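As stored in protein_15.tsv (TSV, C-alpha atoms):
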chain	number	residue	atom	x	y	z
A	1263	MET	CA	-5.29	77.49	0.31
A	1264	GLN	CA	-6.10	73.97	1.43
A	1265	THR	CA	-7.11	73.18	4.96
A	1266	THR	CA	-5.72	70.42	7.13
A	1267	GLN	CA	-8.14	67.62	7.84
A	1268	LYS	CA	-8.15	64.20	9.38
A	1269	LYS	CA	-8.90	60.88	7.65
A	1270	VAL	CA	-9.20	57.38	9.02
A	1271	PHE	CA	-7.75	54.65	6.80
A	1272	GLN	CA	-8.37	50.93	7.22
A	1273	LEU	CA	-5.66	48.66	5.87
A	1274	LEU	CA	-5.87	44.91	5.52
A	1275	VAL	CA	-2.34	43.55	5.30
A	1276	ASP	CA	-0.53	40.24	5.32
A	1277	ASN	CA	0.24	39.23	8.88
A	1278	THR	CA	4.01	39.14	8.41
A	1279	SER	CA	6.90	40.39	10.50
A	1280	GLY	CA	7.94	43.94	9.72
A	1281	VAL	CA	4.73	45.00	7.98
A	1282	LEU	CA	3.93	47.72	10.54
A	1283	SER	CA	7.51	48.96	10.34
A	1284	ARG	CA	7.33	49.22	6.56
A	1285	ILE	CA	4.07	51.16	6.71
A	1286	SER	CA	5.23	53.57	9.42
A	1287	GLY	CA	8.57	53.94	7.58
A	1288	LEU	CA	6.72	55.13	4.48
A	1289	PHE	CA	5.02	57.81	6.57
A	1290	SER	CA	8.34	58.83	8.09
A	1291	ARG	CA	10.22	59.01	4.78
A	1292	ARG	CA	7.50	61.11	3.16
A	1293	GLY	CA	7.05	63.39	6.18
A	1294	TYR	CA	3.40	62.42	6.64
A	1295	ASN	CA	1.85	62.74	10.08
A	1296	ILE	CA	0.25	59.79	11.87
A	1297	GLU	CA	-2.16	60.95	14.55
A	1298	SER	CA	-2.84	57.38	15.71
A	1299	ILE	CA	-2.22	53.84	14.54
A	1300	THR	CA	-3.68	50.58	15.81
A	1301	ALA	CA	-3.09	47.07	14.56
A	1302	GLY	CA	-4.41	43.62	15.34
A	1303	VAL	CA	-5.07	40.28	13.76
A	1304	THR	CA	-8.47	39.77	12.09
A	1305	ALA	CA	-10.77	36.74	12.15
A	1306	ASP	CA	-8.36	35.31	9.58
A	1307	PRO	CA	-4.98	34.95	11.35
A	1308	ARG	CA	-3.15	35.53	8.04
A	1309	ILE	CA	-4.52	39.10	7.84
A	1310	THR	CA	-3.90	42.08	10.13
A	1311	ARG	CA	-6.21	45.11	10.27
A	1312	ILE	CA	-4.42	48.43	10.72
A	1313	THR	CA	-6.34	51.62	11.40
A	1314	ILE	CA	-4.38	54.81	10.72
A	1315	VAL	CA	-5.58	58.32	11.48
A	1316	ALA	CA	-3.63	60.77	9.35
A	1317	THR	CA	-3.76	64.54	9.00
A	1318	GLY	CA	-2.99	66.73	6.03
A	1319	ASP	CA	-4.58	68.57	3.15
A	1320	ASP	CA	-6.51	66.76	0.40
A	1321	GLU	CA	-3.41	66.26	-1.74
A	1322	ILE	CA	-1.34	64.77	1.08
A	1323	LEU	CA	-4.14	62.46	2.20
A	1324	GLU	CA	-4.64	61.27	-1.38
A	1325	GLN	CA	-0.90	60.60	-1.67
A	1326	ILE	CA	-0.94	58.65	1.59
A	1327	GLU	CA	-3.70	56.40	0.30
A	1328	LYS	CA	-1.92	55.82	-3.02
A	1329	GLN	CA	1.55	55.24	-1.55
A	1330	VAL	CA	0.37	52.89	1.21
A	1331	GLY	CA	-1.76	50.99	-1.32
A	1332	LYS	CA	1.38	50.27	-3.39
A	1333	LEU	CA	3.15	48.44	-0.55
A	1334	VAL	CA	3.50	44.70	-1.21
A	1335	ASP	CA	1.92	43.55	2.06
A	1336	VAL	CA	-1.15	45.79	1.72
A	1337	ARG	CA	-4.16	43.79	0.45
A	1338	ASP	CA	-6.75	46.57	0.77
A	1339	ILE	CA	-6.86	50.21	1.84
A	1340	ARG	CA	-9.94	52.34	2.19
A	1341	GLU	CA	-11.09	55.43	3.99
A	1342	LEU	CA	-13.46	54.85	6.89
A	1343	LYS	CA	-15.82	57.81	6.48
A	1344	PRO	CA	-17.41	58.93	9.76
A	1345	GLU	CA	-20.99	58.63	8.52
A	1346	LYS	CA	-20.43	55.05	7.27
A	1347	SER	CA	-18.20	53.74	10.06
A	1348	VAL	CA	-17.92	53.12	13.77
A	1349	TYR	CA	-14.82	54.36	15.62
A	1350	ARG	CA	-13.80	53.51	19.16
A	1351	GLU	CA	-10.85	54.28	21.38
A	1352	LEU	CA	-9.76	52.94	24.76
A	1353	ALA	CA	-8.00	55.04	27.38
A	1354	LEU	CA	-6.56	54.14	30.77
A	1355	ILE	CA	-6.22	57.14	33.06
A	1356	LYS	CA	-4.39	56.99	36.39
A	1357	VAL	CA	-5.59	59.85	38.62
A	1358	ARG	CA	-4.13	60.89	41.96
A	1359	VAL	CA	-6.99	61.24	44.43
A	1360	SER	CA	-7.31	61.92	48.11
A	1361	ALA	CA	-9.96	60.14	50.14
A	1362	ALA	CA	-12.15	63.25	49.81
A	1363	GLN	CA	-11.79	63.34	45.99
A	1364	ARG	CA	-12.35	59.62	45.40
A	1365	GLN	CA	-16.16	59.85	45.14
A	1366	GLU	CA	-15.92	62.86	42.80
A	1367	VAL	CA	-13.73	60.93	40.35
A	1368	ILE	CA	-16.03	57.90	40.60
A	1369	ALA	CA	-19.01	60.16	39.83
A	1370	ILE	CA	-17.25	61.58	36.74
A	1371	SER	CA	-16.44	58.05	35.63
A	1372	ASN	CA	-20.06	57.01	36.02
A	1373	ILE	CA	-21.24	59.93	33.88
A	1374	PHE	CA	-19.05	58.65	31.03
A	1375	ARG	CA	-19.87	54.98	31.70
A	1376	ALA	CA	-16.21	54.45	32.44
A	1377	ASN	CA	-14.96	51.72	34.76
A	1378	ILE	CA	-12.73	51.99	37.78
A	1379	ILE	CA	-10.34	49.08	37.17
A	1380	ASP	CA	-7.80	49.65	39.94
A	1381	VAL	CA	-7.92	51.36	43.30
A	1382	GLY	CA	-4.81	52.31	45.24
A	1383	PRO	CA	-4.38	54.29	48.45
A	1384	GLU	CA	-3.63	57.49	46.51
A	1385	ASN	CA	-4.95	56.81	43.01
A	1386	LEU	CA	-7.61	55.30	40.78
A	1387	ILE	CA	-7.26	53.90	37.27
A	1388	VAL	CA	-10.20	54.72	35.02
A	1389	GLU	CA	-10.91	52.77	31.84
A	1390	ILE	CA	-13.03	54.50	29.21
A	1391	THR	CA	-14.10	53.29	25.79
A	1392	GLY	CA	-15.93	55.37	23.22
A	1393	ASN	CA	-15.52	57.76	20.35
A	1394	GLN	CA	-12.61	60.18	20.46
A	1395	SER	CA	-14.68	63.15	21.63
A	1396	LYS	CA	-16.09	61.15	24.57
A	1397	VAL	CA	-12.60	60.06	25.62
A	1398	ASP	CA	-11.32	63.65	25.23
A	1399	ALA	CA	-14.17	65.03	27.36
A	1400	CYS	CA	-13.51	62.50	30.14
A	1401	VAL	CA	-9.76	63.20	30.09
A	1402	ASN	CA	-10.46	66.96	30.22
A	1403	LEU	CA	-12.72	66.62	33.28
A	1404	LEU	CA	-10.28	64.31	35.03
A	1405	GLY	CA	-7.59	66.89	34.23
A	1406	ASN	CA	-9.02	68.93	37.11
A	1407	TYR	CA	-7.33	66.30	39.27
A	1408	GLU	CA	-3.73	65.21	38.84
A	1409	ILE	CA	-3.43	62.75	35.96
A	1410	LEU	CA	-0.40	60.62	36.81
A	1411	GLU	CA	-0.41	58.51	33.64
A	1412	LEU	CA	-2.48	58.30	30.48
A	1413	ALA	CA	-2.49	55.53	27.87
A	1414	ARG	CA	-4.67	55.82	24.75
A	1415	THR	CA	-4.99	53.12	22.11
A	1416	GLY	CA	-5.82	55.34	19.17
A	1417	ILE	CA	-8.85	54.76	17.01
A	1418	ALA	CA	-10.02	51.34	15.90
A	1419	GLY	CA	-12.77	51.36	13.31
A	1420	LEU	CA	-15.00	49.28	11.10
A	1421	GLY	CA	-17.31	50.18	8.25
A	1422	ARG	CA	-21.02	49.79	8.93
A	1423	GLY	CA	-23.08	47.07	7.27
A	1424	THR	CA	-21.97	44.17	5.11
A	1425	GLU	CA	-21.80	45.65	1.62
A	1426	ASN	CA	-18.11	46.62	1.79
A	1427	LEU	CA	-16.62	43.50	3.33
A	1428	VAL	CA	-13.34	42.34	1.84
A	1429	HIS	CA	-12.71	38.62	1.28
A	1430	PHE	CA	-9.38	37.13	0.28
A	1431	ASP	CA	-8.58	33.83	-1.33
A	1432	LEU	CA	-5.15	33.16	0.10

Rewrite the structure from the file as structure tokens, please.
Amino acid sequence: MQTTQKKVFQLLVDNTSGVLSRISGLFSRRGYNIESITAGVTADPRITRITIVATGDDEILEQIEKQVGKLVDVRDIRELKPEKSVYRELALIKVRVSAAQRQEVIAISNIFRANIIDVGPENLIVEITGNQSKVDACVNLLGNYEILELARTGIAGLGRGTENLVHFDL
């Protein structure tokens, strides 16, 4: 019996219209699960970096890597292993607070080195950046208050060092 696990894949793709749709469509057609997906242009505006966090057993995750790698727009796909990579996530958390609770939420934010980026009469918006477990822990503590809205970017990641850089001659 195989166990479900999570893998982070980094894709370097041509920066063309519809590329993200084609990649997510492959996941949908095959019934693969995407836990998070982030995309943005790289230092080379012709290339987009997509970070996908997928879950499944070893066989499914291997199939994901092979199938995505076959797509025309995909220039490179590789797993970002936790010990050889850096992952970060951004979350914006809108919390309802009374005047009495405001300092408590600010104190929690300070513990996590989060920033208060908006203050309203009845709410605060907290911005936190870090690894997924740090963001989860902050969200869990702020859950003791009323979370009005939550927006998470999903994981963005890069491999450590310079030995695995990918260069393209386009």

| field | Length of the CA of Pro1344 in chain A to CA of Glu1321 in chain A vector [Å] | value |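 Going from CA of Pro1344 in chain A over to CA of Glu1321 in chain A, I get 19.5 Å.
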
| 6 Å contact set for range 1311-1319 of chain A, all atoms listed in the file, chain neighbours under 5 positions out, as a PyMOL selection string | chain A and resi 1264-1274+1295-1302+1418

| field | Selection near range 1394-1398 of chain A, 8 Å with all atoms listed in the file, sequence-local residues under 3 positions removed, as number ranges by chain | value | A: 1349-1353, 1374, 1390-1391, 1401-1402, 1417

Please identify all polymer residues within 9 Å of Ile1309 in chain A, counting only C-alpha atoms, omitting same-chain residues fewer than 3 positions from it, and present them as a JSON list (two decimals) with C-alpha atoms, keeping the file's coordinate frame.
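Below is the file that was written, around.json:
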[["chain", "number", "residue", "atom", "x", "y", "z"],
["A", 1274, "LEU", "CA", -5.87, 44.91, 5.52],
["A", 1275, "VAL", "CA", -2.34, 43.55, 5.30],
["A", 1276, "ASP", "CA", -0.53, 40.24, 5.32],
["A", 1277, "ASN", "CA", 0.24, 39.23, 8.88],
["A", 1278, "THR", "CA", 4.01, 39.14, 8.41],
["A", 1302, "GLY", "CA", -4.41, 43.62, 15.34],
["A", 1303, "VAL", "CA", -5.07, 40.28, 13.76],
["A", 1304, "THR", "CA", -8.47, 39.77, 12.09],
["A", 1305, "ALA", "CA", -10.77, 36.74, 12.15],
["A", 1306, "ASP", "CA", -8.36, 35.31, 9.58],
["A", 1337, "ARG", "CA", -4.16, 43.79, 0.45]]

| Distance CA of Gln1329 in chain A-CA of Pro1307 in chain A, one decimal place? |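 Going from CA of Gln1329 in chain A over to CA of Pro1307 in chain A, I get 24.9 Å.
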
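Across A:Cys1400, A:Val1330, A:Val1357, A:Ala1362, the tightest approach to Arg1375 in chain A is made by A:Cys1400 when counting all atoms listed in the file.
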
| field | Selected residue of minimal separation from Ala1361 in chain A among A:Thr1415, A:Asn1385, A:Asn1393, A:Asn1406, counting all atoms listed in the file | value | A:Asn1385

| Which residues come within 12 Å of Gly1405 in chain A, counting all atoms listed in the file, excluding same-chain residues fewer than 4 positions away, as an MDAnalysis selection string? | chainID A and resid 1355:1359 1367 1370 1398:1401 1409:1412

File dump, residues just selected, C-alpha atoms, as a PDB file, in the coordinates of the input:
ATOM      1  CA  ILE A1355      -6.220  57.140  33.060  1.00  0.00           C
ATOM      2  CA  LYS A1356      -4.390  56.990  36.390  1.00  0.00           C
ATOM      3  CA  VAL A1357      -5.590  59.850  38.620  1.00  0.00           C
ATOM      4  CA  ARG A1358      -4.130  60.890  41.960  1.00  0.00           C
ATOM      5  CA  VAL A1359      -6.990  61.240  44.430  1.00  0.00           C
ATOM      6  CA  VAL A1367     -13.730  60.930  40.350  1.00  0.00           C
ATOM      7  CA  ILE A1370     -17.250  61.580  36.740  1.00  0.00           C
ATOM      8  CA  ASP A1398     -11.320  63.650  25.230  1.00  0.00           C
ATOM      9  CA  ALA A1399     -14.170  65.030  27.360  1.00  0.00           C
ATOM     10  CA  CYS A1400     -13.510  62.500  30.140  1.00  0.00           C
ATOM     11  CA  VAL A1401      -9.760  63.200  30.090  1.00  0.00           C
ATOM     12  CA  ILE A1409      -3.430  62.750  35.960  1.00  0.00           C
ATOM     13  CA  LEU A1410      -0.400  60.620  36.810  1.00  0.00           C
ATOM     14  CA  GLU A1411      -0.410  58.510  33.640  1.00  0.00           C
ATOM     15  CA  LEU A1412      -2.480  58.300  30.480  1.00  0.00           C
TER      16      LEU A1412
END

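One finds CA of Ile1368 in chain A at 10.8 Å from CA of Val1381 in chain A.
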
| field | Pick from A:Arg1364, A:Arg1291, A:Arg1308, A:Lys1332 nearest to Tyr1407 in chain A, counting only C-alpha atoms | value |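 Closest residue, counting only C-alpha atoms: A:Arg1364.
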
Could you rebuild range 1302-1313 of chain A with all heavy atoms and give me the result as a PDB file, keeping the file's coordinate frame?
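To be explicit, this is the file written out as rebuild39.pdb:
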ATOM      1  N   GLY A1302      -4.077  44.883  14.697  1.00  0.00           N
ATOM      2  CA  GLY A1302      -4.410  43.620  15.340  1.00  0.00           C
ATOM      3  C   GLY A1302      -4.852  42.610  14.305  1.00  0.00           C
ATOM      4  O   GLY A1302      -5.336  42.969  13.234  1.00  0.00           O
ATOM      5  N   VAL A1303      -4.696  41.365  14.653  1.00  0.00           N
ATOM      6  CA  VAL A1303      -5.070  40.280  13.760  1.00  0.00           C
ATOM      7  C   VAL A1303      -6.582  40.287  13.558  1.00  0.00           C
ATOM      8  O   VAL A1303      -7.339  40.708  14.441  1.00  0.00           O
ATOM      9  CB  VAL A1303      -4.543  38.930  14.304  1.00  0.00           C
ATOM     10  CG1 VAL A1303      -5.296  38.494  15.542  1.00  0.00           C
ATOM     11  CG2 VAL A1303      -4.579  37.870  13.246  1.00  0.00           C
ATOM     12  N   THR A1304      -7.037  39.847  12.399  1.00  0.00           N
ATOM     13  CA  THR A1304      -8.470  39.770  12.090  1.00  0.00           C
ATOM     14  C   THR A1304      -8.988  38.372  12.405  1.00  0.00           C
ATOM     15  O   THR A1304      -8.271  37.550  12.978  1.00  0.00           O
ATOM     16  CB  THR A1304      -8.715  40.081  10.595  1.00  0.00           C
ATOM     17  OG1 THR A1304      -8.086  39.062   9.813  1.00  0.00           O
ATOM     18  CG2 THR A1304      -8.190  41.442  10.204  1.00  0.00           C
ATOM     19  N   ALA A1305     -10.212  38.087  11.984  1.00  0.00           N
ATOM     20  CA  ALA A1305     -10.770  36.740  12.150  1.00  0.00           C
ATOM     21  C   ALA A1305      -9.952  35.716  11.381  1.00  0.00           C
ATOM     22  O   ALA A1305      -9.915  34.549  11.745  1.00  0.00           O
ATOM     23  CB  ALA A1305     -12.236  36.721  11.681  1.00  0.00           C
ATOM     24  N   ASP A1306      -9.278  36.169  10.331  1.00  0.00           N
ATOM     25  CA  ASP A1306      -8.360  35.310   9.580  1.00  0.00           C
ATOM     26  C   ASP A1306      -6.949  35.603  10.083  1.00  0.00           C
ATOM     27  O   ASP A1306      -6.431  36.712   9.880  1.00  0.00           O
ATOM     28  CB  ASP A1306      -8.456  35.625   8.077  1.00  0.00           C
ATOM     29  CG  ASP A1306      -7.555  34.753   7.222  1.00  0.00           C
ATOM     30  OD1 ASP A1306      -6.569  34.184   7.746  1.00  0.00           O
ATOM     31  OD2 ASP A1306      -7.826  34.659   6.015  1.00  0.00           O
ATOM     32  N   PRO A1307      -6.287  34.669  10.738  1.00  0.00           N
ATOM     33  CA  PRO A1307      -4.980  34.950  11.350  1.00  0.00           C
ATOM     34  C   PRO A1307      -3.886  35.314  10.343  1.00  0.00           C
ATOM     35  O   PRO A1307      -2.835  35.794  10.736  1.00  0.00           O
ATOM     36  CB  PRO A1307      -4.637  33.662  12.093  1.00  0.00           C
ATOM     37  CG  PRO A1307      -5.523  32.620  11.531  1.00  0.00           C
ATOM     38  CD  PRO A1307      -6.732  33.300  10.968  1.00  0.00           C
ATOM     39  N   ARG A1308      -4.136  35.156   9.063  1.00  0.00           N
ATOM     40  CA  ARG A1308      -3.150  35.530   8.040  1.00  0.00           C
ATOM     41  C   ARG A1308      -3.229  37.019   7.688  1.00  0.00           C
ATOM     42  O   ARG A1308      -2.357  37.542   7.012  1.00  0.00           O
ATOM     43  CB  ARG A1308      -3.359  34.697   6.774  1.00  0.00           C
ATOM     44  CG  ARG A1308      -3.181  33.194   7.007  1.00  0.00           C
ATOM     45  CD  ARG A1308      -3.628  32.394   5.820  1.00  0.00           C
ATOM     46  NE  ARG A1308      -5.074  32.588   5.645  1.00  0.00           N
ATOM     47  CZ  ARG A1308      -5.798  32.049   4.679  1.00  0.00           C
ATOM     48  NH1 ARG A1308      -5.223  31.296   3.771  1.00  0.00           N
ATOM     49  NH2 ARG A1308      -7.101  32.258   4.607  1.00  0.00           N
ATOM     50  N   ILE A1309      -4.274  37.702   8.181  1.00  0.00           N
ATOM     51  CA  ILE A1309      -4.520  39.100   7.840  1.00  0.00           C
ATOM     52  C   ILE A1309      -4.532  39.948   9.115  1.00  0.00           C
ATOM     53  O   ILE A1309      -5.142  39.574  10.115  1.00  0.00           O
ATOM     54  CB  ILE A1309      -5.876  39.262   7.108  1.00  0.00           C
ATOM     55  CG1 ILE A1309      -5.926  38.409   5.842  1.00  0.00           C
ATOM     56  CG2 ILE A1309      -6.167  40.730   6.798  1.00  0.00           C
ATOM     57  CD1 ILE A1309      -4.977  38.837   4.755  1.00  0.00           C
ATOM     58  N   THR A1310      -3.884  41.096   9.048  1.00  0.00           N
ATOM     59  CA  THR A1310      -3.900  42.080  10.130  1.00  0.00           C
ATOM     60  C   THR A1310      -4.668  43.308   9.659  1.00  0.00           C
ATOM     61  O   THR A1310      -4.518  43.745   8.518  1.00  0.00           O
ATOM     62  CB  THR A1310      -2.457  42.495  10.511  1.00  0.00           C
ATOM     63  OG1 THR A1310      -1.776  41.354  11.035  1.00  0.00           O
ATOM     64  CG2 THR A1310      -2.439  43.610  11.548  1.00  0.00           C
ATOM     65  N   ARG A1311      -5.492  43.860  10.547  1.00  0.00           N
ATOM     66  CA  ARG A1311      -6.210  45.110  10.270  1.00  0.00           C
ATOM     67  C   ARG A1311      -5.447  46.233  10.954  1.00  0.00           C
ATOM     68  O   ARG A1311      -5.159  46.163  12.140  1.00  0.00           O
ATOM     69  CB  ARG A1311      -7.636  45.063  10.806  1.00  0.00           C
ATOM     70  CG  ARG A1311      -8.435  46.350  10.562  1.00  0.00           C
ATOM     71  CD  ARG A1311      -9.826  46.284  11.187  1.00  0.00           C
ATOM     72  NE  ARG A1311     -10.499  45.033  10.921  1.00  0.00           N
ATOM     73  CZ  ARG A1311     -11.165  44.737   9.795  1.00  0.00           C
ATOM     74  NH1 ARG A1311     -11.258  45.622   8.831  1.00  0.00           N
ATOM     75  NH2 ARG A1311     -11.741  43.547   9.646  1.00  0.00           N
ATOM     76  N   ILE A1312      -5.103  47.253  10.189  1.00  0.00           N
ATOM     77  CA  ILE A1312      -4.420  48.430  10.720  1.00  0.00           C
ATOM     78  C   ILE A1312      -5.322  49.624  10.483  1.00  0.00           C
ATOM     79  O   ILE A1312      -5.806  49.828   9.361  1.00  0.00           O
ATOM     80  CB  ILE A1312      -3.054  48.642  10.050  1.00  0.00           C
ATOM     81  CG1 ILE A1312      -2.146  47.431  10.278  1.00  0.00           C
ATOM     82  CG2 ILE A1312      -2.392  49.921  10.566  1.00  0.00           C
ATOM     83  CD1 ILE A1312      -0.816  47.488   9.531  1.00  0.00           C
ATOM     84  N   THR A1313      -5.560  50.390  11.522  1.00  0.00           N
ATOM     85  CA  THR A1313      -6.340  51.620  11.400  1.00  0.00           C
ATOM     86  C   THR A1313      -5.371  52.779  11.636  1.00  0.00           C
ATOM     87  O   THR A1313      -4.718  52.846  12.681  1.00  0.00           O
ATOM     88  CB  THR A1313      -7.480  51.671  12.435  1.00  0.00           C
ATOM     89  OG1 THR A1313      -8.267  50.486  12.297  1.00  0.00           O
ATOM     90  CG2 THR A1313      -8.357  52.896  12.220  1.00  0.00           C
TER      91      THR A1313
END
